[in-house]
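Below is one structure, written out as structure tokens; comments come after it.
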There are 2 protein chains.
Amino acid sequence: MTDKLTGAAGRQYVADAIRHALRSGDLVPGQRLVENDLVESYGTTRGAVREALQDLAAEEIVEIIPRRGARVRVVSVEEAVQITECRSALEQLCAAHAAERASDAQRAELGRIGKDMTRAVSDGAWDVYSGLNQRLHELVIEASGQEVARRHLDRLNGRMVRFQFRLAQRPGRPAQSLPQHLAIIDAILNTDPSAAARAAAAHLDDVIQQLQAPTDTAAKKARH
Amino acid sequence: MTDKLTGAAGRQYVADAIRHALRSGDLVPGQRLVENDLVESYGTTRGAVREALQDLAAEEIVEIIPRRGARVRVVSVEEAVQITECRSALEQLCAAHAAERASDAQRAELGRIGKDMTRAVSDGAWDVYSGLNQRLHELVIEASGQEVARRHLDRLNGRMVRFQFRLAQRPGRPAQSLPQHLAIIDAILNTDPSAAARAAAAHLDDVIQQLQAPTDTAAKKARH
DNA sequence: CAAGACAGGATTGTTGACAAGATGTGTCGA
DNA sequence: TCGACACATCTTGTCAACAATCCTGTCTTG
């Protein structure tokens, strides 16, 4: 049905498809990515697949070993912590700038997100909360006008999908992060840059603690 | 004389050569990079050149427009400021960590650099100072153990070469930045993370001010 | 003289085949 | 049973030619 996606279009398509497959768990870390298999799966050419893999390697999502092919890069917990520390540094910057220069429309949306988040938590609507969470971070970056930081944060987040997935599913996690998110929103709405930066830092410090906390299997036993 | 550099080796070689050409001013922003020319200049194959250009595009050093080729990306002053703000955020992180976990050898080298810098300024040895400056930033990052931040800082710095070049040549600049550098060193030697972060922030805030200050000697007509 | 059409050359994009290296398998000997 | 070795297969790397597109200068036409 689809014509063969060739060249630049196919390249983008394959890269996105692999990113998505990682998010949804169809690809697991360490898995080999054989060029011919991808060509058949996605109906493109080898050239497109090859360039897509190069792109993903530049984002450090996959790892290419010469003459041995590409595999999904595994990120250790230590690395996830470092990534989150970098996110923290950059999001503090964005939050501070957002507090200073968010537009009225952006402030309005921030307020709405805060209310919706609160309701989502009390309703136990975890998936809704997760979506709002993502939108919040996105909006803060957008409002900051920091295009350079945005690029780098995208890159950092691209490597964290697996961990974010795990974190979001912990019981009680939304209730714990809600006040932190509200604090960020408040600081921005109050046009208080340093408070916004502090709130962002506090939130991500907490994420780091969660990352370092007992892993999922052990977590169940650690829980009361 | 040299055999034709082929494949992965040529790719690395060409990318490095272009990076170097940018540093030394052989390539100016906006300049076109024609594949065949590069093939002849560096004695490689078109495939290697093409992949090298892809790498540089991923680093946002060059810009590739489909069917029109690659050119050296121009960075506006606003973008340079944003880049430096990101550097600031990440170097604060690194400075703080370095203060906590620098090894004895690293602390010793830091102290040495401080002394050498002071001497270089009083001697008016600008090129020596510039080298020490670079080594200092490198060492702080190294001592922090933040590999992820390191990658991103490398990327950010790769885009700043032109501006760094301009800044370093301003008269009186070394004398101005020396105390800031010494403050960073002192804070790390005193194992004071928050002071180290503050010192790094102060230094980079100053760099930002310099960037925004009187734009270079009369904008030479940016030729297209 | 201005605007547009057009041809020729220059430049990038794509393909397919082949070469080189890596992996897996089966056999043989100890 | 285990390891060493040769062979078959799979996979990636490389290249050269071809195709598609863009740019430039010239010429025509009103």
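We name chains A, B, ... following the order of the structure tokens; residues begin at 1 in each chain, and ligands are numbered from 1 as shown.
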
Hey, could you make a per-residue contact list for chain B against chain D with 10 Å as the cut-off, showing the nearest pair of atoms and its distance in Å to one decimal, counting only C-alpha atoms (C1' of nucleotides), sorted by chain and number, as JSON lines?
```
{"residue": "B:Thr6", "atom": "CA", "partner": "D:DT14", "partner_atom": "C1'", "distance": 8.5}
{"residue": "B:Gly7", "atom": "CA", "partner": "D:DT14", "partner_atom": "C1'", "distance": 7.2}
{"residue": "B:Ala8", "atom": "CA", "partner": "D:DG13", "partner_atom": "C1'", "distance": 9.0}
{"residue": "B:Thr45", "atom": "CA", "partner": "D:DC15", "partner_atom": "C1'", "distance": 8.7}
{"residue": "B:Arg46", "atom": "CA", "partner": "D:DC15", "partner_atom": "C1'", "distance": 9.4}
{"residue": "B:Gly47", "atom": "CA", "partner": "D:DT14", "partner_atom": "C1'", "distance": 8.1}
{"residue": "B:Ala48", "atom": "CA", "partner": "D:DT14", "partner_atom": "C1'", "distance": 9.7}
{"residue": "B:Pro66", "atom": "CA", "partner": "D:DT21", "partner_atom": "C1'", "distance": 10.0}
{"residue": "B:Arg67", "atom": "CA", "partner": "D:DT21", "partner_atom": "C1'", "distance": 6.6}
{"residue": "B:Arg68", "atom": "CA", "partner": "D:DC22", "partner_atom": "C1'", "distance": 7.2}
```

Just the selected residues (C-alpha atoms), exported as a PDB file, in the first residue's frame, please.
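File written: part.pdb
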```
ATOM      1  CA  THR B   6      38.671   5.760   3.056  1.00  0.00           C
ATOM      2  CA  GLY B   7      35.607   4.938   5.075  1.00  0.00           C
ATOM      3  CA  ALA B   8      35.393   5.479   8.781  1.00  0.00           C
ATOM      4  CA  THR B  45      35.984   9.617  -1.156  1.00  0.00           C
ATOM      5  CA  ARG B  46      32.672  11.320  -1.514  1.00  0.00           C
ATOM      6  CA  GLY B  47      31.090   8.835   0.855  1.00  0.00           C
ATOM      7  CA  ALA B  48      33.472   9.784   3.635  1.00  0.00           C
ATOM      8  CA  PRO B  66      18.385  19.246   0.938  1.00  0.00           C
ATOM      9  CA  ARG B  67      19.565  19.321  -2.650  1.00  0.00           C
ATOM     10  CA  ARG B  68      21.519  22.474  -1.939  1.00  0.00           C
TER      11      ARG B  68
END
```

Once chain B is superposed on chain A with a least-squares fit on all C-alpha pairs taken in order, can you show it as a compact mmCIF listing (two decimals) with C-alpha atoms, in the first residue's frame?
```txt
# COMPACT_ATOMS: atom_id res chain seq x y z
CA MET B 1 0.19 -0.88 0.86
CA THR B 2 2.49 1.99 1.59
CA ASP B 3 5.11 2.57 -0.99
CA LYS B 4 8.59 1.88 0.13
CA LEU B 5 9.73 4.78 2.24
CA THR B 6 12.99 5.78 0.75
CA GLY B 7 15.80 8.14 1.62
CA ALA B 8 15.39 11.03 3.97
CA ALA B 9 11.71 10.30 4.60
CA GLY B 10 12.41 6.70 5.50
CA ARG B 11 15.27 7.74 7.72
CA GLN B 12 13.04 10.00 9.77
CA TYR B 13 10.28 7.44 9.81
CA VAL B 14 12.45 4.62 11.06
CA ALA B 15 14.09 6.76 13.73
CA ASP B 16 10.70 7.91 14.99
CA ALA B 17 9.34 4.38 14.88
CA ILE B 18 12.20 3.10 17.01
CA ARG B 19 11.83 5.96 19.48
CA HIS B 20 8.16 5.16 19.76
CA ALA B 21 8.80 1.45 20.12
CA LEU B 22 11.06 2.25 23.04
CA ARG B 23 8.43 4.40 24.71
CA SER B 24 5.77 1.78 24.38
CA GLY B 25 8.03 -0.99 25.57
CA ASP B 26 8.18 -2.91 22.31
CA LEU B 27 11.92 -2.58 22.44
CA VAL B 28 13.83 -3.29 25.61
CA PRO B 29 17.29 -2.03 26.54
CA GLY B 30 20.03 -4.27 25.26
CA GLN B 31 17.96 -5.57 22.41
CA ARG B 32 19.72 -6.02 19.12
CA LEU B 33 18.61 -4.00 16.14
CA VAL B 34 19.39 -5.94 12.99
CA GLU B 35 19.35 -3.87 9.85
CA ASN B 36 17.58 -6.38 7.67
CA ASP B 37 14.88 -6.96 10.25
CA LEU B 38 14.17 -3.26 10.44
CA VAL B 39 14.08 -3.06 6.67
CA GLU B 40 11.37 -5.70 6.61
CA SER B 41 9.47 -4.29 9.59
CA TYR B 42 9.25 -0.79 8.29
CA GLY B 43 9.42 -1.38 4.56
CA THR B 44 12.36 0.81 3.80
CA THR B 45 15.80 0.38 2.39
CA ARG B 46 18.91 -0.59 4.25
CA GLY B 47 20.40 2.83 3.61
CA ALA B 48 17.53 4.54 5.38
CA VAL B 49 17.73 2.17 8.33
CA ARG B 50 21.45 2.65 8.58
CA GLU B 51 21.17 6.42 8.67
CA ALA B 52 18.34 6.27 11.18
CA LEU B 53 20.52 4.17 13.45
CA GLN B 54 23.31 6.71 13.13
CA ASP B 55 20.91 9.42 14.22
CA LEU B 56 19.80 7.42 17.22
CA ALA B 57 23.41 6.70 18.09
CA ALA B 58 24.15 10.42 18.03
CA GLU B 59 21.33 10.84 20.52
CA GLU B 60 22.84 8.03 22.55
CA ILE B 61 19.62 6.08 22.43
CA VAL B 62 21.27 3.18 20.67
CA GLU B 63 24.84 2.04 20.72
CA ILE B 64 26.63 0.95 17.58
CA ILE B 65 29.55 -1.38 17.91
CA PRO B 66 31.62 -1.64 14.74
CA ARG B 67 30.99 -4.82 12.80
CA ARG B 68 28.59 -5.98 15.48
CA GLY B 69 25.58 -3.86 14.92
CA ALA B 70 23.30 -1.67 16.95
CA ARG B 71 21.56 -2.36 20.21
CA VAL B 72 19.33 -0.34 22.47
CA ARG B 73 21.55 1.38 24.97
CA VAL B 74 21.00 0.52 28.61
CA VAL B 75 21.13 3.32 31.12
CA SER B 76 22.19 2.55 34.64
CA VAL B 77 20.57 4.18 37.63
CA GLU B 78 23.70 6.26 38.17
CA GLU B 79 23.47 7.51 34.63
CA ALA B 80 19.79 8.28 35.04
CA VAL B 81 20.64 10.34 38.09
CA GLN B 82 23.28 12.28 36.18
CA ILE B 83 20.87 12.86 33.34
CA THR B 84 18.31 14.20 35.76
CA GLU B 85 20.89 16.45 37.36
CA CYS B 86 21.61 17.93 33.96
CA ARG B 87 17.90 18.30 33.31
CA SER B 88 17.64 20.08 36.61
CA ALA B 89 20.40 22.53 35.73
CA LEU B 90 18.86 23.35 32.36
CA GLU B 91 15.26 23.45 33.54
CA GLN B 92 16.19 25.87 36.29
CA LEU B 93 17.55 28.11 33.59
CA CYS B 94 14.40 27.76 31.51
CA ALA B 95 12.07 28.26 34.44
CA ALA B 96 13.85 31.46 35.42
CA HIS B 97 13.68 32.84 31.90
CA ALA B 98 10.08 31.75 31.51
CA ALA B 99 9.17 33.69 34.63
CA GLU B 100 10.56 36.81 32.99
CA ARG B 101 9.29 36.52 29.48
CA ALA B 102 6.27 34.22 29.27
CA SER B 103 3.52 35.69 27.13
CA ASP B 104 0.02 36.26 28.43
CA ALA B 105 -1.26 33.29 26.47
CA GLN B 106 1.44 31.09 27.93
CA ARG B 107 0.67 32.26 31.45
CA ALA B 108 -2.98 31.52 30.86
CA GLU B 109 -2.17 28.01 29.73
CA LEU B 110 0.07 27.50 32.73
CA GLY B 111 -2.77 28.45 35.04
CA ARG B 112 -5.09 26.09 33.23
CA ILE B 113 -2.62 23.25 33.49
CA GLY B 114 -2.31 23.84 37.22
CA LYS B 115 -6.03 23.55 37.70
CA ASP B 116 -6.35 20.54 35.45
CA MET B 117 -3.52 18.82 37.25
CA THR B 118 -5.14 19.35 40.60
CA ARG B 119 -8.38 17.93 39.31
CA ALA B 120 -6.65 15.00 37.66
CA VAL B 121 -5.02 14.05 40.95
CA SER B 122 -8.23 14.23 42.93
CA ASP B 123 -9.95 12.21 40.21
CA GLY B 124 -7.18 9.66 40.15
CA ALA B 125 -6.80 10.19 36.42
CA TRP B 126 -3.19 9.20 36.16
CA ASP B 127 -2.84 9.19 32.42
CA VAL B 128 -4.34 12.65 32.21
CA TYR B 129 -1.91 13.85 34.85
CA SER B 130 0.99 12.34 32.97
CA GLY B 131 0.02 14.17 29.81
CA LEU B 132 -0.34 17.46 31.66
CA ASN B 133 3.01 16.92 33.30
CA GLN B 134 4.66 16.52 29.96
CA ARG B 135 2.91 19.55 28.56
CA LEU B 136 3.92 21.61 31.56
CA HIS B 137 7.62 20.95 31.15
CA GLU B 138 7.31 21.57 27.45
CA LEU B 139 5.52 24.84 27.96
CA VAL B 140 8.04 26.14 30.46
CA ILE B 141 10.82 25.50 28.00
CA GLU B 142 8.85 27.03 25.19
CA ALA B 143 8.09 30.14 27.21
CA SER B 144 11.73 30.55 28.14
CA GLY B 145 12.70 31.06 24.52
CA GLN B 146 15.83 29.01 25.15
CA GLU B 147 16.15 27.09 21.94
CA VAL B 148 19.58 25.77 22.76
CA ALA B 149 18.49 24.44 26.12
CA ARG B 150 15.47 22.92 24.45
CA ARG B 151 17.57 20.84 22.12
CA HIS B 152 19.67 19.53 24.93
CA LEU B 153 16.70 18.79 27.13
CA ASP B 154 15.04 16.87 24.34
CA ARG B 155 18.15 14.81 24.04
CA LEU B 156 18.33 14.18 27.75
CA ASN B 157 14.68 13.22 27.94
CA GLY B 158 15.03 10.86 25.03
CA ARG B 159 17.26 8.69 27.17
CA MET B 160 14.97 8.68 30.18
CA VAL B 161 11.83 7.18 28.72
CA ARG B 162 12.23 3.88 30.49
CA PHE B 163 12.71 5.45 33.88
CA GLN B 164 9.96 7.99 33.43
CA PHE B 165 7.66 5.14 32.61
CA ARG B 166 8.52 3.38 35.82
CA LEU B 167 8.30 6.50 37.97
CA ALA B 168 4.97 7.66 36.69
CA GLN B 169 3.38 4.37 37.62
CA ARG B 170 4.33 4.46 41.26
CA PRO B 171 1.29 4.75 43.47
CA GLY B 172 1.04 8.12 45.14
CA ARG B 173 3.56 9.68 42.83
CA PRO B 174 1.19 12.23 41.28
CA ALA B 175 0.04 13.42 44.68
CA GLN B 176 3.64 13.89 45.67
CA SER B 177 4.72 15.84 42.62
CA LEU B 178 1.61 17.96 42.30
CA PRO B 179 2.60 20.64 44.83
CA GLN B 180 6.04 20.85 43.24
CA HIS B 181 4.49 21.47 39.84
CA LEU B 182 2.13 24.03 41.27
CA ALA B 183 5.07 25.83 42.89
CA ILE B 184 6.78 26.13 39.51
CA ILE B 185 3.62 27.49 37.95
CA ASP B 186 3.05 29.98 40.75
CA ALA B 187 6.58 31.30 40.58
CA ILE B 188 6.33 31.86 36.84
CA LEU B 189 2.93 33.52 37.12
CA ASN B 190 4.38 35.79 39.81
CA THR B 191 7.28 36.69 37.51
CA ASP B 192 9.72 35.55 40.13
CA PRO B 193 12.72 34.03 38.29
CA SER B 194 14.72 32.88 41.27
CA ALA B 195 11.70 31.25 42.90
CA ALA B 196 10.94 29.51 39.61
CA ALA B 197 14.47 28.18 39.43
CA ARG B 198 14.31 26.99 43.02
CA ALA B 199 10.97 25.29 42.44
CA ALA B 200 12.27 23.51 39.36
CA ALA B 201 15.35 22.42 41.28
CA ALA B 202 13.25 21.12 44.15
CA HIS B 203 11.06 19.15 41.79
CA LEU B 204 13.96 17.49 40.03
CA ASP B 205 15.82 16.82 43.25
CA ASP B 206 12.75 14.88 44.27
CA VAL B 207 12.78 12.97 41.02
CA ILE B 208 16.40 12.06 41.70
CA GLN B 209 15.47 10.77 45.13
CA GLN B 210 12.77 8.66 43.58
CA LEU B 211 15.25 7.26 41.10
CA GLN B 212 17.60 6.26 43.85
CA ALA B 213 14.82 4.91 46.01
CA PRO B 214 13.95 1.23 46.16
CA THR B 215 14.99 -0.15 42.87
CA ASP B 216 12.08 -1.55 40.96
CA THR B 217 10.26 -4.65 42.08
CA ALA B 218 13.07 -7.10 42.26
CA ALA B 219 15.46 -6.77 39.42
CA LYS B 220 14.22 -9.13 36.83
CA LYS B 221 17.18 -10.89 35.53
CA ALA B 222 18.71 -8.62 33.02
CA ARG B 223 19.07 -10.97 30.18
CA HIS B 224 21.81 -10.39 27.74
```

Extract the full set of alpha helix (DSSP H) residues from chain A according to DSSP on the backbone, and format it as a VMD selection string. chain A and resid 7 to 23 35 to 42 46 to 58 77 to 101 104 to 123 126 to 144 147 to 158 161 to 168 173 to 189 193 to 212 216 to 222

Taking the DSSP secondary structure from the backbone, can you list the residues of segment 28-130 of chain A that are strand (DSSP E), as number ranges by chain? A: 32-33, 62-65, 69-72

Create the file for the chosen residues now, containing N, CA and C atoms and written as a compact mmCIF listing (two decimals), in the first residue's frame.
```txt
# COMPACT_ATOMS: atom_id res chain seq x y z
N ARG A 32 19.69 -6.11 18.98
CA ARG A 32 20.38 -5.81 17.72
C ARG A 32 19.41 -5.22 16.72
N LEU A 33 19.93 -4.33 15.92
CA LEU A 33 19.13 -3.72 14.86
C LEU A 33 19.79 -4.04 13.54
N VAL A 62 21.10 4.69 20.02
CA VAL A 62 21.66 3.40 19.65
C VAL A 62 23.18 3.54 19.59
N GLU A 63 23.81 2.40 19.54
CA GLU A 63 25.27 2.34 19.56
C GLU A 63 25.69 1.56 18.33
N ILE A 64 26.59 2.13 17.55
CA ILE A 64 27.02 1.43 16.35
C ILE A 64 28.46 0.97 16.52
N ILE A 65 28.67 -0.31 16.42
CA ILE A 65 30.02 -0.86 16.51
C ILE A 65 30.44 -1.24 15.10
N GLY A 69 27.40 -3.74 13.54
CA GLY A 69 26.02 -3.31 13.51
C GLY A 69 25.59 -2.47 14.68
N ALA A 70 24.31 -2.17 14.69
CA ALA A 70 23.75 -1.26 15.69
C ALA A 70 22.96 -2.04 16.72
N ARG A 71 23.00 -1.54 17.94
CA ARG A 71 22.12 -2.10 18.95
C ARG A 71 21.60 -0.98 19.83
N VAL A 72 20.48 -1.26 20.46
CA VAL A 72 19.88 -0.27 21.34
C VAL A 72 20.79 -0.08 22.54
```

Restrict the distance test to only C-alpha atoms (C1' of nucleotides), flag each residue of chain C within 12 Å of chain B, and return the flagged residues as a PyMOL selection string. chain C and resi 10-13
